[in-house]
file coords.txt (compact mmCIF, C-alpha atoms)
# COMPACT_ATOMS: atom_id res chain seq x y z
CA MET A 1 53.81 22.86 -138.05
CA LYS A 2 55.15 19.56 -139.35
CA PHE A 3 56.56 16.84 -137.13
CA ALA A 4 58.77 13.86 -137.88
CA THR A 5 58.22 10.65 -135.97
CA VAL A 6 61.19 9.95 -133.71
CA ALA A 7 61.34 6.25 -134.61
CA LEU A 8 59.18 3.19 -134.80
CA ALA A 9 57.51 2.64 -131.46
CA THR A 10 58.73 -0.93 -131.34
CA ALA A 11 62.32 0.27 -131.35
CA MET A 12 61.74 2.69 -128.49
CA VAL A 13 60.09 0.54 -125.83
CA LEU A 14 62.97 0.74 -123.41
CA GLY A 15 63.05 -1.05 -120.10
CA ALA A 16 60.04 -3.32 -120.66
CA SER A 17 57.92 -3.63 -117.53
CA ALA A 18 57.48 -6.82 -115.54
CA ILE A 19 54.48 -7.95 -113.52
CA ALA A 20 54.38 -9.55 -110.12
CA THR A 21 51.00 -10.76 -108.90
CA ALA A 22 50.22 -9.43 -105.44
CA SER A 23 46.82 -11.00 -104.87
CA ALA A 24 43.58 -11.83 -106.59
CA GLU A 25 42.45 -8.23 -106.01
CA ALA A 26 45.62 -6.37 -106.95
CA LYS A 27 48.87 -6.80 -108.82
CA THR A 28 52.09 -4.84 -108.95
CA ILE A 29 53.80 -3.61 -112.11
CA GLU A 30 57.48 -2.71 -111.94
CA THR A 31 58.20 0.40 -114.03
CA ARG A 32 61.20 2.55 -114.79
CA TRP A 33 60.41 5.05 -112.02
CA ALA A 34 58.14 3.36 -109.52
CA ASP A 35 56.27 0.19 -108.67
CA VAL A 36 52.59 0.57 -109.52
CA GLU A 37 49.73 -1.25 -107.84
CA VAL A 38 46.71 -2.09 -109.98
CA GLU A 39 43.52 -2.51 -107.99
CA THR A 40 39.89 -3.05 -108.92
CA VAL A 41 37.58 -0.20 -107.89
CA ALA A 42 34.35 -1.60 -109.36
CA ASP A 43 33.17 -4.38 -111.63
CA GLY A 44 29.94 -5.61 -113.18
CA LEU A 45 29.95 -3.11 -116.06
CA VAL A 46 29.12 -3.86 -119.70
CA ARG A 47 31.34 -2.26 -122.37
CA PRO A 48 32.17 0.94 -120.44
CA TRP A 49 33.46 3.76 -122.64
CA GLY A 50 33.67 7.11 -120.82
CA ILE A 51 34.36 8.24 -117.26
CA ALA A 52 34.04 11.50 -115.33
CA PHE A 53 34.75 12.35 -111.70
CA LEU A 54 31.93 13.54 -109.47
CA PRO A 55 32.28 15.06 -105.98
CA GLU A 56 32.80 12.86 -102.90
CA GLY A 57 34.78 10.18 -104.73
CA ARG A 58 31.97 9.09 -107.05
CA LEU A 59 32.42 8.21 -110.72
CA LEU A 60 30.13 8.74 -113.69
CA VAL A 61 30.55 5.98 -116.28
CA THR A 62 28.92 5.33 -119.66
CA GLU A 63 28.16 1.86 -120.98
CA MET A 64 27.91 1.47 -124.75
CA GLU A 65 24.63 -0.43 -124.39
CA GLY A 66 23.03 2.94 -123.60
CA ARG A 67 23.41 3.19 -119.83
CA LEU A 68 24.91 5.93 -117.68
CA ARG A 69 25.73 4.92 -114.11
CA ILE A 70 27.11 6.47 -110.95
CA ILE A 71 29.70 4.36 -109.14
CA GLU A 72 29.80 5.18 -105.44
CA ALA A 73 33.03 5.68 -103.53
CA ASP A 74 32.71 2.12 -102.16
CA GLY A 75 32.56 0.69 -105.71
CA SER A 76 28.85 -0.11 -105.74
CA LEU A 77 26.96 0.45 -109.01
CA GLY A 78 23.93 2.68 -109.06
CA GLU A 79 20.85 2.04 -111.17
CA PRO A 80 21.02 3.38 -114.76
CA ILE A 81 20.27 7.09 -114.91
CA ARG A 82 16.97 7.85 -116.62
CA GLY A 83 16.47 10.22 -119.54
CA ILE A 84 19.36 9.16 -121.79
CA PRO A 85 18.85 10.16 -125.46
CA GLU A 86 17.88 7.36 -127.85
CA VAL A 87 21.12 5.54 -128.62
CA THR A 88 21.74 3.28 -131.61
CA VAL A 89 23.78 0.33 -130.32
CA ARG A 90 25.47 -1.37 -133.23
CA ASN A 91 29.03 -2.68 -133.56
CA GLN A 92 31.23 0.25 -132.41
CA GLY A 93 28.26 2.54 -131.87
CA GLY A 94 26.43 3.22 -128.63
CA LEU A 95 26.63 5.60 -125.71
CA LEU A 96 30.16 6.95 -125.89
CA ASP A 97 31.81 9.69 -123.84
CA VAL A 98 30.76 11.76 -120.84
CA ALA A 99 32.25 15.05 -119.66
CA LEU A 100 31.37 17.48 -116.88
CA ALA A 101 30.68 21.08 -117.81
CA PRO A 102 33.37 23.47 -116.57
CA ASP A 103 30.75 24.99 -114.25
CA PHE A 104 29.40 21.62 -113.09
CA GLU A 105 29.65 22.55 -109.40
CA THR A 106 26.91 25.13 -109.87
CA SER A 107 25.07 23.87 -112.99
CA ASN A 108 25.16 20.05 -112.60
CA ARG A 109 25.43 20.01 -116.39
CA ILE A 110 27.08 17.11 -118.20
CA TYR A 111 27.85 16.36 -121.87
CA LEU A 112 27.25 13.06 -123.65
CA SER A 113 28.24 11.74 -127.08
CA TRP A 114 26.53 8.79 -128.75
CA SER A 115 25.65 7.18 -132.08
CA GLU A 116 22.42 8.71 -133.35
CA ALA A 117 20.15 7.20 -136.02
CA GLU A 118 18.61 9.25 -138.81
CA THR A 119 15.24 7.78 -137.82
CA SER A 120 14.38 5.38 -135.02
CA GLY A 121 15.80 1.94 -135.81
CA SER A 122 17.65 3.14 -138.91
CA ASN A 123 21.12 1.83 -139.84
CA VAL A 124 22.00 5.34 -141.08
CA THR A 125 23.81 6.97 -138.17
CA SER A 126 26.39 9.51 -137.04
CA THR A 127 27.85 10.89 -133.81
CA ALA A 128 25.80 13.34 -131.75
CA VAL A 129 26.48 15.49 -128.67
CA ALA A 130 24.08 16.92 -126.10
CA HIS A 131 24.23 18.52 -122.67
CA ALA A 132 21.82 17.89 -119.82
CA VAL A 133 21.38 18.55 -116.12
CA LEU A 134 22.11 15.60 -113.84
CA GLY A 135 19.89 15.27 -110.80
CA ASP A 136 17.82 12.80 -108.78
CA GLY A 137 18.80 9.78 -110.85
CA GLU A 138 17.82 11.25 -114.21
CA LEU A 139 18.80 13.76 -116.87
CA HIS A 140 16.81 16.97 -117.21
CA ASN A 141 16.72 19.53 -120.04
CA VAL A 142 18.52 17.29 -122.54
CA THR A 143 19.70 19.71 -125.24
CA PRO A 144 21.31 18.41 -128.47
CA ILE A 145 24.11 20.71 -129.62
CA PHE A 146 25.77 18.82 -132.48
CA SER A 147 25.01 16.10 -135.03
CA GLN A 148 27.74 14.87 -137.36
CA TYR A 149 27.10 15.35 -141.08
CA PRO A 150 26.51 13.25 -143.08
CA LYS A 151 24.85 10.26 -141.50
CA VAL A 152 25.91 7.05 -143.25
CA GLU A 153 25.22 3.33 -143.11
CA GLY A 154 27.35 1.03 -140.98
CA GLY A 155 28.48 0.90 -137.40
CA ARG A 156 32.19 1.72 -137.29
CA HIS A 157 34.51 4.59 -136.41
CA TYR A 158 32.29 7.04 -134.56
CA GLY A 159 35.03 8.75 -132.57
CA GLY A 160 33.11 10.60 -129.87
CA ARG A 161 35.80 11.53 -127.34
CA MET A 162 35.35 15.01 -125.81
CA VAL A 163 37.45 17.48 -123.84
CA PHE A 164 37.09 21.11 -122.78
CA SER A 165 39.82 23.66 -123.34
CA GLN A 166 41.89 24.74 -120.37
CA ASP A 167 39.84 27.95 -119.93
CA GLY A 168 36.55 26.04 -120.30
CA ARG A 169 35.39 28.11 -123.28
CA TYR A 170 35.64 25.48 -125.99
CA LEU A 171 34.53 21.88 -126.41
CA TYR A 172 36.58 19.66 -128.71
CA VAL A 173 35.05 16.47 -130.14
CA GLY A 174 36.96 13.85 -132.14
CA LEU A 175 35.03 12.21 -135.00
CA GLY A 176 35.79 9.06 -137.00
CA ASP A 177 35.82 8.38 -140.73
CA ARG A 178 32.92 5.89 -140.36
CA GLY A 179 35.00 3.05 -141.85
CA HIS A 180 33.94 2.87 -145.49
CA GLN A 181 33.89 6.66 -145.92
CA MET A 182 37.68 7.05 -145.82
CA LYS A 183 38.11 9.55 -148.66
CA GLU A 184 35.68 11.97 -147.07
CA SER A 185 38.30 12.64 -144.37
CA GLN A 186 39.93 14.90 -146.98
CA ASP A 187 36.74 16.83 -147.66
CA LEU A 188 35.77 19.96 -145.74
CA ASP A 189 32.05 19.64 -146.60
CA SER A 190 31.82 16.66 -144.23
CA HIS A 191 32.52 16.13 -140.52
CA THR A 192 33.88 12.68 -141.39
CA GLY A 193 37.39 12.16 -140.00
CA THR A 194 37.62 15.55 -138.31
CA LEU A 195 38.17 17.16 -134.96
CA ILE A 196 35.63 19.89 -134.24
CA ARG A 197 35.57 22.88 -131.87
CA LEU A 198 32.39 24.36 -130.40
CA TYR A 199 31.41 26.72 -127.64
CA ALA A 200 29.85 24.97 -124.66
CA ASN A 201 26.36 25.86 -125.93
CA GLY A 202 27.08 24.32 -129.35
CA GLU A 203 27.61 27.57 -131.21
CA VAL A 204 30.56 27.83 -133.60
CA PRO A 205 33.47 30.08 -132.59
CA GLN A 206 33.98 32.65 -135.31
CA ASP A 207 37.76 32.16 -135.21
CA ASN A 208 37.48 28.50 -136.21
CA PRO A 209 39.74 28.02 -139.26
CA PHE A 210 37.02 27.31 -141.85
CA VAL A 211 34.36 29.81 -140.84
CA ASN A 212 33.20 31.68 -143.96
CA HIS A 213 35.11 29.29 -146.24
CA GLU A 214 32.77 28.34 -149.08
CA GLY A 215 31.90 24.64 -149.03
CA ALA A 216 33.51 24.00 -145.64
CA LEU A 217 31.73 23.08 -142.41
CA PRO A 218 32.49 25.75 -139.80
CA GLU A 219 32.80 23.38 -136.82
CA ILE A 220 35.97 21.76 -138.24
CA TRP A 221 39.22 22.43 -136.36
CA SER A 222 41.44 19.87 -138.14
CA TYR A 223 40.83 17.08 -140.64
CA GLY A 224 42.37 14.03 -142.31
CA HIS A 225 41.90 11.90 -139.19
CA ARG A 226 40.89 8.23 -139.22
CA ASN A 227 39.25 7.53 -135.87
CA ILE A 228 40.15 9.75 -132.91
CA GLN A 229 39.82 7.75 -129.68
CA GLY A 230 41.48 9.96 -127.07
CA ILE A 231 42.04 13.70 -126.59
CA ASP A 232 43.40 15.72 -123.70
CA ILE A 233 44.80 19.15 -122.90
CA GLN A 234 48.50 19.47 -122.08
CA PRO A 235 48.57 21.19 -118.66
CA SER A 236 51.83 23.07 -119.25
CA THR A 237 50.81 24.60 -122.60
CA GLY A 238 47.01 24.39 -122.90
CA ARG A 239 47.40 22.66 -126.28
CA MET A 240 45.15 19.80 -127.26
CA TRP A 241 46.68 16.44 -128.26
CA ALA A 242 44.90 13.40 -129.72
CA VAL A 243 45.43 9.71 -130.41
CA GLU A 244 43.73 7.85 -133.24
CA HIS A 245 43.47 4.37 -134.68
CA GLY A 246 45.45 3.52 -137.76
CA PRO A 247 44.40 0.61 -139.98
CA GLN A 248 46.73 -2.41 -139.61
CA GLY A 249 49.53 -0.50 -137.89
CA GLY A 250 49.98 3.25 -137.83
CA ASP A 251 48.14 4.29 -134.64
CA GLU A 252 49.02 7.95 -134.12
CA LEU A 253 49.67 10.61 -131.50
CA ASN A 254 48.97 14.01 -133.03
CA LEU A 255 49.03 17.64 -131.99
CA PRO A 256 46.04 18.92 -133.98
CA GLU A 257 46.39 22.55 -135.01
CA PRO A 258 43.70 24.74 -136.60
CA GLY A 259 43.14 24.14 -140.29
CA LYS A 260 45.79 21.41 -140.61
CA ASN A 261 45.36 18.20 -142.62
CA TYR A 262 46.60 15.03 -140.91
CA GLY A 263 46.67 12.97 -144.06
CA TRP A 264 44.25 10.06 -143.75
CA PRO A 265 43.90 8.05 -145.96
CA LEU A 266 46.58 9.46 -148.27
CA VAL A 267 49.36 9.34 -145.67
CA THR A 268 49.69 6.59 -143.06
CA HIS A 269 52.25 4.27 -141.48
CA GLY A 270 49.66 1.48 -141.55
CA GLU A 271 48.63 -0.94 -144.25
CA ALA A 272 45.47 -2.63 -145.46
CA TYR A 273 44.00 -5.31 -143.23
CA GLY A 274 45.55 -8.59 -144.31
CA GLY A 275 48.66 -6.80 -145.60
CA GLY A 276 49.68 -4.61 -148.51
CA GLN A 277 49.36 -0.91 -149.24
CA MET A 278 45.88 0.57 -149.23
CA SER A 279 44.65 1.79 -152.59
CA GLU A 280 44.25 5.38 -151.37
CA THR A 281 47.62 5.66 -149.64
CA VAL A 282 50.34 7.59 -151.43
CA SER A 283 53.24 7.43 -148.95
CA PHE A 284 54.37 7.99 -145.36
CA ASP A 285 54.82 11.69 -146.17
CA MET A 286 53.20 14.25 -148.46
CA GLU A 287 53.50 17.99 -148.90
CA GLY A 288 50.77 19.79 -146.96
CA LYS A 289 49.97 16.82 -144.71
CA GLU A 290 51.06 16.70 -141.06
CA LEU A 291 53.10 13.77 -139.80
CA PRO A 292 52.25 12.25 -136.41
CA VAL A 293 54.29 13.18 -133.38
CA TRP A 294 54.49 9.43 -132.66
CA HIS A 295 53.09 6.27 -134.16
CA TRP A 296 52.64 2.69 -133.06
CA THR A 297 53.57 0.15 -135.72
CA PRO A 298 52.54 -2.61 -135.05
CA SER A 299 49.32 -1.14 -133.68
CA ILE A 300 48.32 -1.30 -130.01
CA ALA A 301 44.74 -0.28 -130.97
CA VAL A 302 45.17 2.96 -129.05
CA SER A 303 42.10 4.20 -127.20
CA GLY A 304 41.84 6.81 -124.42
CA MET A 305 44.68 9.10 -123.34
CA THR A 306 45.49 11.54 -120.57
CA PHE A 307 48.29 13.90 -119.59
CA TYR A 308 49.57 13.29 -116.09
CA ASP A 309 50.18 16.20 -113.70
CA GLY A 310 49.42 14.69 -110.28
CA ASP A 311 51.47 14.09 -107.15
CA ALA A 312 51.10 10.32 -106.81
CA PHE A 313 53.65 9.66 -109.60
CA PRO A 314 55.86 12.78 -109.63
CA GLU A 315 58.29 11.29 -112.19
CA TRP A 316 55.42 10.99 -114.67
CA ARG A 317 54.40 14.64 -114.65
CA GLY A 318 54.01 15.91 -118.20
CA ASN A 319 53.83 12.38 -119.63
CA VAL A 320 51.14 11.13 -121.98
CA LEU A 321 49.48 7.90 -120.88
CA ALA A 322 47.70 6.16 -123.74
CA ALA A 323 45.56 3.05 -123.39
CA GLY A 324 45.71 0.07 -125.74
CA LEU A 325 42.89 -2.29 -126.61
CA ARG A 326 44.51 -5.08 -128.59
CA GLY A 327 47.85 -4.32 -126.98
CA GLN A 328 46.38 -4.59 -123.46
CA VAL A 329 48.87 -1.96 -122.28
CA ILE A 330 49.24 1.56 -121.01
CA ALA A 331 51.88 3.35 -123.10
CA ARG A 332 53.71 6.00 -121.07
CA LEU A 333 55.25 8.62 -123.35
CA GLU A 334 57.80 11.16 -122.14
CA ILE A 335 57.35 14.47 -123.98
CA ASP A 336 60.04 17.06 -124.75
CA GLY A 337 58.48 20.00 -126.54
CA ASP A 338 56.71 18.49 -129.53
CA ARG A 339 58.64 15.21 -129.46
CA VAL A 340 58.32 11.85 -127.75
CA ILE A 341 61.70 10.93 -126.32
CA HIS A 342 60.88 7.67 -124.55
CA GLU A 343 58.12 5.08 -124.37
CA GLU A 344 57.47 2.52 -121.65
CA ARG A 345 54.60 0.03 -121.84
CA LEU A 346 52.79 -1.16 -118.74
CA PRO A 347 51.18 -4.58 -119.40
CA MET A 348 47.64 -4.64 -118.03
CA ASP A 349 46.23 -8.08 -119.07
CA TYR A 350 43.01 -6.34 -120.13
CA ARG A 351 41.84 -4.43 -123.19
CA ILE A 352 41.82 -0.85 -121.88
CA ARG A 353 39.20 1.51 -123.29
CA GLU A 354 39.89 4.69 -121.33
CA ILE A 355 42.40 6.19 -118.89
CA ARG A 356 41.89 9.37 -116.85
CA GLN A 357 43.67 11.03 -113.94
CA GLY A 358 41.43 11.36 -110.90
CA PRO A 359 41.31 14.27 -108.46
CA ASP A 360 43.37 12.14 -106.06
CA GLY A 361 46.25 11.94 -108.54
CA TYR A 362 45.67 8.24 -109.20
CA LEU A 363 44.90 6.88 -112.66
CA TYR A 364 41.54 5.29 -113.46
CA LEU A 365 41.08 2.81 -116.30
CA LEU A 366 38.06 1.19 -117.95
CA THR A 367 38.43 -2.36 -119.22
CA ASP A 368 36.73 -3.20 -122.51
CA GLU A 369 34.61 -6.25 -121.82
CA ARG A 370 31.05 -7.30 -122.64
CA ASP A 371 30.66 -9.02 -119.30
CA ASN A 372 31.90 -7.90 -115.89
CA ALA A 373 34.05 -5.03 -117.13
CA LYS A 374 36.00 -3.15 -114.47
CA VAL A 375 37.18 0.21 -113.27
CA LEU A 376 40.85 -0.19 -112.36
CA ARG A 377 43.00 2.23 -110.36
CA LEU A 378 46.76 2.71 -110.61
CA ARG A 379 48.43 3.92 -107.43
CA PRO A 380 51.96 3.77 -106.04
CA ALA A 381 52.76 0.35 -104.59
CA GLU A 382 53.41 0.39 -100.85
call {"tool": "encode", "arguments": {"input": "coords.txt", "output": "structure tokens"}}
result
Amino acid sequence: MKFATVALATAMVLGASAIATASAEAKTIETRWADVEVETVADGLVRPWGIAFLPEGRLLVTEMEGRLRIIEADGSLGEPIRGIPEVTVRNQGGLLDVALAPDFETSNRIYLSWSEAETSGSNVTSTAVAHAVLGDGELHNVTPIFSQYPKVEGGRHYGGRMVFSQDGRYLYVGLGDRGHQMKESQDLDSHTGTLIRLYANGEVPQDNPFVNHEGALPEIWSYGHRNIQGIDIQPSTGRMWAVEHGPQGGDELNLPEPGKNYGWPLVTHGEAYGGGQMSETVSFDMEGKELPVWHWTPSIAVSGMTFYDGDAFPEWRGNVLAAGLRGQVIARLEIDGDRVIHEERLPMDYRIREIRQGPDGYLYLLTDERDNAKVLRLRPAE
């Protein structure tokens, strides 16, 4: 299926939001549908990247420096959990995402993604995934289930965001193009610039689109991606959507479908850093390449995303909420079928790495800071 972008994002930011400071601890953002209070749940983190929701109001948060922490319901930080796999911390690499197994209530199993070196201390790395059992302040039975091929030099564009399918059978993992390996995003003999689909135990589903295709890696679900930073399942349809970084401009919202090519680096709305067309880019459109559902040009440096289906903000049900790093915003996108029909940006005053809906229907955000990073919560203003 091929989609046309509705319009440039800059032309569709209707009803720009305004901020009123409520206090040092909280502020209020006026939005199209409701006033939103932004409050700090916890601070003192270092480059947090992924978040998952544990029972009794606790949070599980990764820090890129290689730490996994539990944040208690009162906001206090626990000691780093022991038994984390060896993580290569370099530039954009480190401990990345965390997800709970669909059967976490009985198994206590979690999934981690991180940047893994070819050998200890090596600069040749790729993205890896493992599952483990969480208990008593440490990880038990750490079991690697995936390692991106090939490993390459450098420390950029690891991807690493994970999500389970609605029925819990499949694990999707977004992978980056590793920066200087752009052309490999068009090759099926590499995981570079792909989105993969696995069973929860790491085995490859036999109905993946490139199983038994000579020269193709069987884990690949879709390809031609640059650097997927957020993925989530649409509650009303069970389909998986993703956001990814463009270069200078051209951040994308996509609806990845099996076997489809999303164009990078041949097709993009972005340009080379410093200006001008990239040498590999052909056009904004090309036969056989999928156009984004939406793009941000100029870029907001899109990061995490979530679909909203809670009760706290009933007018937002079915919306995509995408976080921005450089833009320091939350972009709220109203979806009609396979189209974005409206965007509103909520200014946050922080680089936002991740956004997730909590069990309470509130939205939880991670700020991207090297010192005293925060977990923020969005709730209706009283």
call {"tool": "residues_around", "arguments": {"input": "coords.txt", "residues": "A:Leu366", "least_positions_apart": "5", "cutoff": "10 Å", "atoms": "all atoms listed in the file", "output": "compact mmCIF listing (two decimals) with C-alpha atoms, keeping the file's coordinate frame"}}
result
# COMPACT_ATOMS: atom_id res chain seq x y z
CA ALA A 42 34.35 -1.60 -109.36
CA ASP A 43 33.17 -4.38 -111.63
CA LEU A 45 29.95 -3.11 -116.06
CA ARG A 47 31.34 -2.26 -122.37
CA PRO A 48 32.17 0.94 -120.44
CA TRP A 49 33.46 3.76 -122.64
CA GLY A 50 33.67 7.11 -120.82
CA ILE A 51 34.36 8.24 -117.26
CA VAL A 61 30.55 5.98 -116.28
CA GLY A 304 41.84 6.81 -124.42
CA ALA A 323 45.56 3.05 -123.39
CA TYR A 350 43.01 -6.34 -120.13
CA ARG A 351 41.84 -4.43 -123.19
CA ILE A 352 41.82 -0.85 -121.88
CA ARG A 353 39.20 1.51 -123.29
CA GLU A 354 39.89 4.69 -121.33
CA ILE A 355 42.40 6.19 -118.89
CA ARG A 356 41.89 9.37 -116.85
CA ALA A 373 34.05 -5.03 -117.13
CA LYS A 374 36.00 -3.15 -114.47
CA VAL A 375 37.18 0.21 -113.27
CA LEU A 376 40.85 -0.19 -112.36
CA ARG A 377 43.00 2.23 -110.36
call {"tool": "atom_distance", "arguments": {"input": "coords.txt", "atom1": "atom CA of A:Ile29", "atom2": "atom CA of A:Val320"}}
result
17.9 Å
call {"tool": "residues_around", "arguments": {"input": "coords.txt", "residues": "stretch 183-191 of chain A", "least_positions_apart": "2", "cutoff": "10 Å", "atoms": "all atoms listed in the file", "output": "PyMOL selection string"}}
result
chain A and resi 126-127+147-151+174-181+193-196+210+213-220+222-227+261-266+280
call {"tool": "closest_residue", "arguments": {"input": "coords.txt", "among": "A:Thr119, A:Asn208, A:Thr306, A:Gln229", "to": "A:Tyr170", "atoms": "all atoms listed in the file"}}
result
A:Asn208
call {"tool": "residues_near_point", "arguments": {"input": "coords.txt", "point": "(58.6, 9.3, -111.9)", "cutoff": "7 Å", "atoms": "all atoms listed in the file", "output": "number ranges by chain"}}
result
A: 33-34, 313-316
call {"tool": "residues_near_point", "arguments": {"input": "coords.txt", "point": "(26.2, 12.1, -130.1)", "cutoff": "6 Å", "atoms": "all atoms listed in the file", "output": "ChimeraX atom specification"}}
result
/A:113-115,127-129
call {"tool": "residues_around", "arguments": {"input": "coords.txt", "residues": "A:Ala101", "least_positions_apart": "4", "cutoff": "12 Å", "atoms": "only C-alpha atoms", "output": "NGL selection string"}}
result
:A and (52-54 or 105-112 or 130-134 or 162-165 or 167-171 or 199-201)
call {"tool": "closest_residue", "arguments": {"input": "coords.txt", "among": "A:Gly249, A:Met64, A:Gly337, A:Leu321", "to": "A:Leu378", "atoms": "only C-alpha atoms"}}
result
A:Leu321
call {"tool": "residues_around", "arguments": {"input": "coords.txt", "residues": "A:Leu255", "least_positions_apart": "2", "cutoff": "7 Å", "atoms": "only C-alpha atoms", "output": "PyMOL selection string"}}
result
chain A and resi 240-242+257
call {"tool": "atom_distance", "arguments": {"input": "coords.txt", "atom1": "atom CA of A:Asp338", "atom2": "atom CA of A:Trp294"}}
result
9.8 Å
call {"tool": "build_atoms", "arguments": {"input": "coords.txt", "residues": "stretch 284-291 of chain A", "atoms": "all heavy atoms", "output": "PDB file, in the frame of the given file"}}
result
ATOM      1  N   PHE A 284      54.302   7.621-146.766  1.00  0.00           N
ATOM      2  CA  PHE A 284      54.370   7.990-145.360  1.00  0.00           C
ATOM      3  C   PHE A 284      54.401   9.509-145.185  1.00  0.00           C
ATOM      4  O   PHE A 284      54.261  10.007-144.076  1.00  0.00           O
ATOM      5  CB  PHE A 284      55.641   7.413-144.712  1.00  0.00           C
ATOM      6  CG  PHE A 284      55.639   5.917-144.627  1.00  0.00           C
ATOM      7  CD1 PHE A 284      56.817   5.208-144.753  1.00  0.00           C
ATOM      8  CD2 PHE A 284      54.467   5.209-144.418  1.00  0.00           C
ATOM      9  CE1 PHE A 284      56.825   3.829-144.653  1.00  0.00           C
ATOM     10  CE2 PHE A 284      54.465   3.835-144.319  1.00  0.00           C
ATOM     11  CZ  PHE A 284      55.657   3.139-144.443  1.00  0.00           C
ATOM     12  N   ASP A 285      54.636  10.242-146.259  1.00  0.00           N
ATOM     13  CA  ASP A 285      54.820  11.690-146.170  1.00  0.00           C
ATOM     14  C   ASP A 285      54.274  12.326-147.444  1.00  0.00           C
ATOM     15  O   ASP A 285      54.334  11.735-148.525  1.00  0.00           O
ATOM     16  CB  ASP A 285      56.311  12.008-146.004  1.00  0.00           C
ATOM     17  CG  ASP A 285      56.560  13.450-145.584  1.00  0.00           C
ATOM     18  OD1 ASP A 285      55.578  14.181-145.390  1.00  0.00           O
ATOM     19  OD2 ASP A 285      57.736  13.835-145.454  1.00  0.00           O
ATOM     20  N   MET A 286      53.733  13.539-147.300  1.00  0.00           N
ATOM     21  CA  MET A 286      53.200  14.250-148.460  1.00  0.00           C
ATOM     22  C   MET A 286      53.170  15.740-148.125  1.00  0.00           C
ATOM     23  O   MET A 286      52.831  16.119-147.005  1.00  0.00           O
ATOM     24  CB  MET A 286      51.796  13.756-148.806  1.00  0.00           C
ATOM     25  CG  MET A 286      51.180  14.452-150.021  1.00  0.00           C
ATOM     26  SD  MET A 286      49.450  13.959-150.290  1.00  0.00           S
ATOM     27  CE  MET A 286      49.692  12.275-150.805  1.00  0.00           C
ATOM     28  N   GLU A 287      53.517  16.541-149.078  1.00  0.00           N
ATOM     29  CA  GLU A 287      53.500  17.990-148.900  1.00  0.00           C
ATOM     30  C   GLU A 287      52.102  18.433-148.480  1.00  0.00           C
ATOM     31  O   GLU A 287      51.093  18.040-149.074  1.00  0.00           O
ATOM     32  CB  GLU A 287      53.899  18.680-150.201  1.00  0.00           C
ATOM     33  CG  GLU A 287      54.014  20.188-150.077  1.00  0.00           C
ATOM     34  CD  GLU A 287      55.175  20.615-149.196  1.00  0.00           C
ATOM     35  OE1 GLU A 287      56.158  19.858-149.091  1.00  0.00           O
ATOM     36  OE2 GLU A 287      55.085  21.720-148.608  1.00  0.00           O
ATOM     37  N   GLY A 288      52.034  19.269-147.421  1.00  0.00           N
ATOM     38  CA  GLY A 288      50.770  19.790-146.960  1.00  0.00           C
ATOM     39  C   GLY A 288      50.026  18.905-145.987  1.00  0.00           C
ATOM     40  O   GLY A 288      48.943  19.268-145.529  1.00  0.00           O
ATOM     41  N   LYS A 289      50.593  17.737-145.667  1.00  0.00           N
ATOM     42  CA  LYS A 289      49.970  16.820-144.710  1.00  0.00           C
ATOM     43  C   LYS A 289      50.883  16.702-143.488  1.00  0.00           C
ATOM     44  O   LYS A 289      52.113  16.596-143.616  1.00  0.00           O
ATOM     45  CB  LYS A 289      49.760  15.432-145.323  1.00  0.00           C
ATOM     46  CG  LYS A 289      49.052  15.439-146.671  1.00  0.00           C
ATOM     47  CD  LYS A 289      47.641  15.982-146.572  1.00  0.00           C
ATOM     48  CE  LYS A 289      46.886  15.817-147.882  1.00  0.00           C
ATOM     49  NZ  LYS A 289      47.393  16.692-148.965  1.00  0.00           N
ATOM     50  N   GLU A 290      50.291  16.727-142.297  1.00  0.00           N
ATOM     51  CA  GLU A 290      51.060  16.700-141.060  1.00  0.00           C
ATOM     52  C   GLU A 290      51.421  15.272-140.671  1.00  0.00           C
ATOM     53  O   GLU A 290      50.566  14.375-140.687  1.00  0.00           O
ATOM     54  CB  GLU A 290      50.248  17.345-139.928  1.00  0.00           C
ATOM     55  CG  GLU A 290      49.796  18.757-140.213  1.00  0.00           C
ATOM     56  CD  GLU A 290      50.942  19.692-140.539  1.00  0.00           C
ATOM     57  OE1 GLU A 290      51.880  19.762-139.714  1.00  0.00           O
ATOM     58  OE2 GLU A 290      50.898  20.341-141.594  1.00  0.00           O
ATOM     59  N   LEU A 291      52.666  15.066-140.298  1.00  0.00           N
ATOM     60  CA  LEU A 291      53.100  13.770-139.800  1.00  0.00           C
ATOM     61  C   LEU A 291      52.755  13.634-138.324  1.00  0.00           C
ATOM     62  O   LEU A 291      52.692  14.630-137.601  1.00  0.00           O
ATOM     63  CB  LEU A 291      54.617  13.613-139.976  1.00  0.00           C
ATOM     64  CG  LEU A 291      55.123  13.572-141.414  1.00  0.00           C
ATOM     65  CD1 LEU A 291      56.645  13.458-141.417  1.00  0.00           C
ATOM     66  CD2 LEU A 291      54.493  12.424-142.181  1.00  0.00           C
TER      67      LEU A 291
END
